[in-house]
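Q: File target31.cif follows (mmCIF, C-alpha atoms):
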```cif
data_coords
loop_
_atom_site.label_atom_id
_atom_site.label_comp_id
_atom_site.auth_asym_id
_atom_site.auth_seq_id
_atom_site.Cartn_x
_atom_site.Cartn_y
_atom_site.Cartn_z
CA PRO A 270 -40.12 25.61 -4.56
CA GLN A 271 -37.33 23.78 -6.34
CA GLY A 272 -35.31 25.93 -8.72
CA ILE A 273 -36.02 29.29 -7.10
CA GLY A 274 -33.97 31.27 -4.62
CA ALA A 275 -32.95 34.70 -3.48
CA LEU A 276 -29.64 36.50 -3.30
CA ALA A 277 -29.05 39.09 -0.59
CA ILE A 278 -26.23 41.49 -1.39
CA SER A 279 -25.06 44.89 -0.22
CA ASP A 280 -26.33 47.95 -2.08
CA ASP A 281 -22.67 48.75 -2.72
CA GLU A 282 -22.23 45.75 -5.01
CA GLY A 283 -23.61 47.56 -8.03
CA LEU A 284 -24.96 44.49 -9.82
CA PRO A 285 -27.42 45.17 -12.63
CA VAL A 286 -31.02 44.46 -11.75
CA LEU A 287 -31.56 42.72 -15.09
CA ASP A 288 -28.86 41.11 -17.18
CA GLY A 289 -28.74 38.51 -19.87
CA GLY A 290 -30.78 37.53 -22.94
CA HIS A 291 -31.75 39.21 -26.14
CA GLN A 292 -35.52 39.27 -25.77
CA GLU A 293 -37.28 42.43 -26.90
CA ARG A 294 -34.15 43.91 -28.54
CA GLY A 295 -31.98 43.33 -25.45
CA ARG A 296 -34.30 45.16 -23.06
CA ARG A 297 -34.81 42.22 -20.70
CA PRO A 298 -33.12 38.89 -19.94
CA GLY A 299 -36.14 36.59 -20.15
CA THR A 300 -39.41 35.63 -18.58
CA GLU A 301 -39.46 35.74 -14.81
CA ASN A 302 -40.63 32.60 -13.01
CA ALA A 303 -43.66 34.30 -11.46
CA LEU A 304 -45.07 31.14 -9.87
CA GLY A 305 -41.67 30.30 -8.39
CA ILE A 306 -41.32 33.83 -7.03
CA ILE A 307 -44.80 33.68 -5.47
CA GLY A 308 -44.02 30.24 -3.99
CA PHE A 309 -40.72 31.51 -2.59
CA ALA A 310 -42.49 34.50 -1.02
CA ALA A 311 -45.07 32.20 0.59
CA ALA A 312 -42.35 29.90 1.94
CA ALA A 313 -40.32 32.85 3.24
CA SER A 314 -43.34 34.36 4.99
CA ALA A 315 -43.97 31.05 6.78
CA ILE A 316 -40.56 31.17 8.48
CA ASP A 317 -40.84 31.88 12.18
CA LEU A 318 -37.57 33.64 13.01
CA ALA A 319 -38.33 33.41 16.74
CA THR A 320 -37.76 29.63 16.62
CA TRP A 321 -34.17 29.81 15.33
CA PRO A 322 -32.55 30.94 18.60
CA VAL A 323 -34.26 27.94 20.23
CA VAL A 324 -32.96 25.62 17.49
CA ALA A 325 -29.46 27.11 17.86
CA ALA A 326 -29.56 26.55 21.64
CA LEU A 327 -30.59 22.92 21.12
CA GLY A 328 -27.73 22.53 18.63
CA GLU A 329 -25.29 23.92 21.20
CA ARG A 330 -26.65 21.49 23.79
CA LEU A 331 -26.16 18.62 21.35
CA GLU A 332 -22.60 19.77 20.60
CA ARG A 333 -21.70 19.98 24.31
CA GLY A 334 -23.05 16.48 24.86
CA LEU A 335 -21.20 15.05 21.87
CA LEU A 336 -17.95 16.72 22.93
CA ALA A 337 -18.20 14.87 26.26
CA ILE A 338 -17.49 11.68 24.28
CA ASP A 339 -13.80 10.83 23.89
CA SER A 340 -12.18 12.00 20.62
CA VAL A 341 -15.13 13.82 19.11
CA ARG A 342 -14.69 17.00 17.10
CA ILE A 343 -17.42 19.34 15.88
CA ASN A 344 -16.62 20.11 12.25
CA GLY A 345 -16.72 23.82 11.50
CA ALA A 346 -16.91 24.84 15.17
CA ASP A 347 -14.42 27.63 14.48
CA ARG A 348 -16.43 29.02 11.55
CA PRO A 349 -19.82 30.69 11.12
CA ARG A 350 -22.48 28.06 10.42
CA ILE A 351 -26.20 27.53 10.55
CA GLY A 352 -27.71 26.68 13.92
CA GLY A 353 -29.79 23.74 12.78
CA THR A 354 -26.92 21.50 11.71
CA VAL A 355 -24.26 19.78 13.80
CA ASN A 356 -21.56 17.82 11.99
CA ALA A 357 -19.47 15.71 14.35
CA ALA A 358 -16.42 13.56 13.62
CA PHE A 359 -16.02 10.46 15.79
CA ALA A 360 -12.34 9.46 15.61
CA ARG A 361 -11.66 5.74 15.10
CA ALA A 362 -15.28 5.06 14.08
CA LEU A 363 -17.06 4.91 10.74
CA GLY A 364 -19.84 7.45 10.46
CA GLU A 365 -21.91 4.98 8.44
CA SER A 366 -21.82 2.48 11.34
CA ILE A 367 -23.05 5.17 13.72
CA VAL A 368 -25.82 6.18 11.29
CA VAL A 369 -27.09 2.58 11.01
CA ALA A 370 -27.00 2.04 14.79
CA LEU A 371 -28.81 5.32 15.45
CA ASP A 372 -31.42 4.39 12.85
CA LEU A 373 -32.11 1.19 14.80
CA GLU A 374 -32.68 3.43 17.84
CA GLY A 375 -35.16 5.57 15.90
CA VAL A 376 -32.77 8.48 15.38
CA SER A 377 -32.40 9.81 11.84
CA VAL A 378 -28.98 11.24 10.97
CA SER A 379 -26.73 11.11 7.94
CA THR A 380 -23.12 11.08 6.84
CA GLY A 381 -21.75 13.84 4.65
CA ALA A 382 -23.55 16.89 3.37
CA ALA A 383 -27.30 17.05 2.81
CA CYS A 384 -26.76 17.44 -0.94
CA THR A 385 -25.02 14.04 -1.08
CA SER A 386 -27.27 12.18 1.34
CA GLY A 387 -27.09 8.44 0.78
CA SER A 388 -23.64 8.56 -0.81
CA VAL A 389 -20.93 6.26 0.53
CA GLN A 390 -18.22 8.68 -0.59
CA PRO A 391 -16.58 10.88 2.04
CA SER A 392 -17.95 14.41 2.21
CA ALA A 393 -16.38 16.61 -0.47
CA VAL A 394 -17.12 19.58 1.79
CA LEU A 395 -15.06 18.13 4.66
CA LEU A 396 -12.28 17.11 2.26
CA GLY A 397 -12.33 20.63 0.82
CA LEU A 398 -11.93 22.03 4.34
CA GLY A 399 -8.71 20.02 4.68
CA HIS A 400 -9.95 16.99 6.61
CA SER A 401 -8.46 13.60 5.77
CA VAL A 402 -10.53 10.87 4.11
CA GLU A 403 -10.59 9.00 7.44
CA GLU A 404 -11.84 12.09 9.29
CA ALA A 405 -14.50 12.69 6.65
CA ARG A 406 -15.66 9.06 6.87
CA SER A 407 -16.04 9.41 10.64
CA ALA A 408 -18.47 12.33 10.33
CA VAL A 409 -22.16 12.26 11.16
CA ARG A 410 -24.58 15.11 10.40
CA PHE A 411 -27.36 15.88 12.88
CA SER A 412 -30.12 18.17 11.58
CA LEU A 413 -32.44 20.05 13.91
CA GLY A 414 -35.55 22.04 13.12
CA ARG A 415 -38.30 24.05 14.71
CA SER A 416 -40.04 20.87 15.90
CA THR A 417 -36.91 19.43 17.59
CA THR A 418 -37.34 19.13 21.37
CA GLN A 419 -35.02 19.05 24.37
CA ALA A 420 -36.26 15.50 25.04
CA GLU A 421 -35.11 14.42 21.58
CA ILE A 422 -31.66 15.91 22.14
CA ASP A 423 -31.47 14.16 25.52
CA ARG A 424 -32.52 10.88 23.89
CA VAL A 425 -29.80 11.19 21.23
CA LEU A 426 -27.19 11.97 23.87
CA SER A 427 -28.32 8.98 25.93
CA VAL A 428 -27.65 6.49 23.11
CA VAL A 429 -24.73 7.97 21.14
CA PRO A 430 -21.88 7.19 23.60
CA ALA A 431 -22.53 3.42 23.61
CA ILE A 432 -23.06 3.40 19.84
CA VAL A 433 -19.75 5.19 19.25
CA GLN A 434 -17.99 2.80 21.61
CA ARG A 435 -19.36 -0.21 19.68
CA ALA A 436 -18.49 1.36 16.33
CA ARG A 437 -14.92 1.88 17.48
CA ARG A 438 -14.62 -1.68 18.78
CA HIS A 439 -15.98 -3.25 15.61
CA ARG A 440 -14.26 -1.04 13.07
CA VAL A 441 -12.85 -3.11 10.25
#
```
What does the file become when written as structure tokens?
A:
Amino acid sequence: PQGIGALAISDDEGLPVLDGGHQERGRRPGTENALGIIGFAAAASAIDLATWPVVAALGERLERGLLAIDSVRINGADRPRIGGTVNAAFARALGESIVVALDLEGVSVSTGAACTSGSVQPSAVLLGLGHSVEEARSAVRFSLGRSTTQAEIDRVLSVVPAIVQRARRHRV
């Protein structure tokens, strides 16, 4: 549910269990969002952890295929990241052009971070990691999930090279 989350920390952190408000003479911080907590528990119990190694393997397959294209870099490849997201920078091409062309092929991708989907601004995350504006504008984000198949990855890899080539040729 929107507005609810969990924080996993080490027992050594020593954070207070309850902190904050002045309700009941300072004895508790406020009313817990019981429905949100129950919804979060239901969502968490629906996660099938066995699927994530499969998703990660598909992501690695996608990365290998994208890296076979000239002048492609996987953003964050040298850092820990989640297995269901691949962010690739296509030098000398605009990510937005690639997104539009892939959409016409029935492939849904995005530029930038998921939290700024639809924005024409370069990804603040990539800029914060030290990438140039041009590099950030060349980025495309591929998201995979438990329903993603090998055939879908193969399909993406069959159309991306020509799309990138066209985007580089027609870059304004």
Q: Run the PyMOL selection byres ((chain A and resi 364-378) around 6) on the file and write out the hits as a list in words.
A: Leu363, Ser379, Arg406, Ser407, Ala408, Val409, Arg410 and Phe411 of chain A
Q: Those residues you just picked out, can you put them in a file as a PDB file, in the frame of the given file with C-alpha atoms?
A:
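Generated file (again00.pdb):
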```pdb
ATOM      1  CA  LEU A 363     -17.060   4.910  10.740  1.00  0.00           C
ATOM      2  CA  SER A 379     -26.730  11.110   7.940  1.00  0.00           C
ATOM      3  CA  ARG A 406     -15.660   9.060   6.870  1.00  0.00           C
ATOM      4  CA  SER A 407     -16.040   9.410  10.640  1.00  0.00           C
ATOM      5  CA  ALA A 408     -18.470  12.330  10.330  1.00  0.00           C
ATOM      6  CA  VAL A 409     -22.160  12.260  11.160  1.00  0.00           C
ATOM      7  CA  ARG A 410     -24.580  15.110  10.400  1.00  0.00           C
ATOM      8  CA  PHE A 411     -27.360  15.880  12.880  1.00  0.00           C
TER       9      PHE A 411
END
```
Q: State, in Å with one decimal place, the distance from CA of Asp317 (chain A) to CA of Arg348 (chain A).
A: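 Answer for the CA of Asp317 (chain A) to CA of Arg348 (chain A) separation: 24.6 Å.
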Q: May I have a table of the residues of region 297-339 of chain A lying at most 10 Å from region 417-428 of chain A, giving each one's closest pair of atoms and their distance in Å to one decimal, counting only C-alpha atoms, ordered by chain and ascending residue number, as a Markdown table?
A:
```
| residue | atom | partner | partner_atom | distance |
| --- | --- | --- | --- | --- |
| A:Val323 | CA | A:Thr417 | CA | 9.3 |
| A:Val324 | CA | A:Thr417 | CA | 7.3 |
| A:Ala326 | CA | A:Gln419 | CA | 9.7 |
| A:Leu327 | CA | A:Gln419 | CA | 6.7 |
| A:Gly328 | CA | A:Ile422 | CA | 8.5 |
| A:Arg330 | CA | A:Ile422 | CA | 7.7 |
| A:Leu331 | CA | A:Ile422 | CA | 6.2 |
| A:Glu332 | CA | A:Leu426 | CA | 9.6 |
| A:Arg333 | CA | A:Leu426 | CA | 9.7 |
| A:Gly334 | CA | A:Leu426 | CA | 6.2 |
| A:Leu335 | CA | A:Leu426 | CA | 7.0 |
| A:Ala337 | CA | A:Leu426 | CA | 9.7 |
| A:Ile338 | CA | A:Leu426 | CA | 9.7 |
```
Q: Quick one: pull the distance between CA of Ile306 (chain A) and CA of Ile278 (chain A), Å, one decimal.
A: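 Calculated distance between CA of Ile306 (chain A) and CA of Ile278 (chain A) is 17.8 Å.
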Q: Just want the 12 Å neighbourhood of Leu398 (chain A), counted on only C-alpha atoms, with same-chain residues fewer than 5 positions away dropped. Output as a list in words.
A: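 After dropping sequence-adjacent residues, the list is Asn344, Gly345, Asp347, Arg348, Ser392, Ala393, Glu404 and Ala405 of chain A.
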Q: So how many Å separate CA of Arg342 (chain A) and CA of Trp321 (chain A), to one decimal?
A: 23.4 Å
Q: As a check of understanding, name the residues that the PyMOL selection byres ((chain A and resi 272) around 12) selects in the supplied structure, as number ranges by chain.
A: A: 270-271, 273-275, 302, 304-306, 308-309
Q: At a cut-off of 9 Å from (-12.8, 6.0, 16.3) in the coordinates of the file, what residues are picked up using all atoms listed in the file, written as a PyMOL selection string?
A: chain A and resi 340-341+358-363+407+433-434+436-438+440
Q: Taking the file as I've supplied it (selection: the PyMOL selection byres ((chain A and resi 354) around 7)), which residues are included? Please answer as a PyMOL selection string.
A: chain A and resi 351-353+355-356+410-413
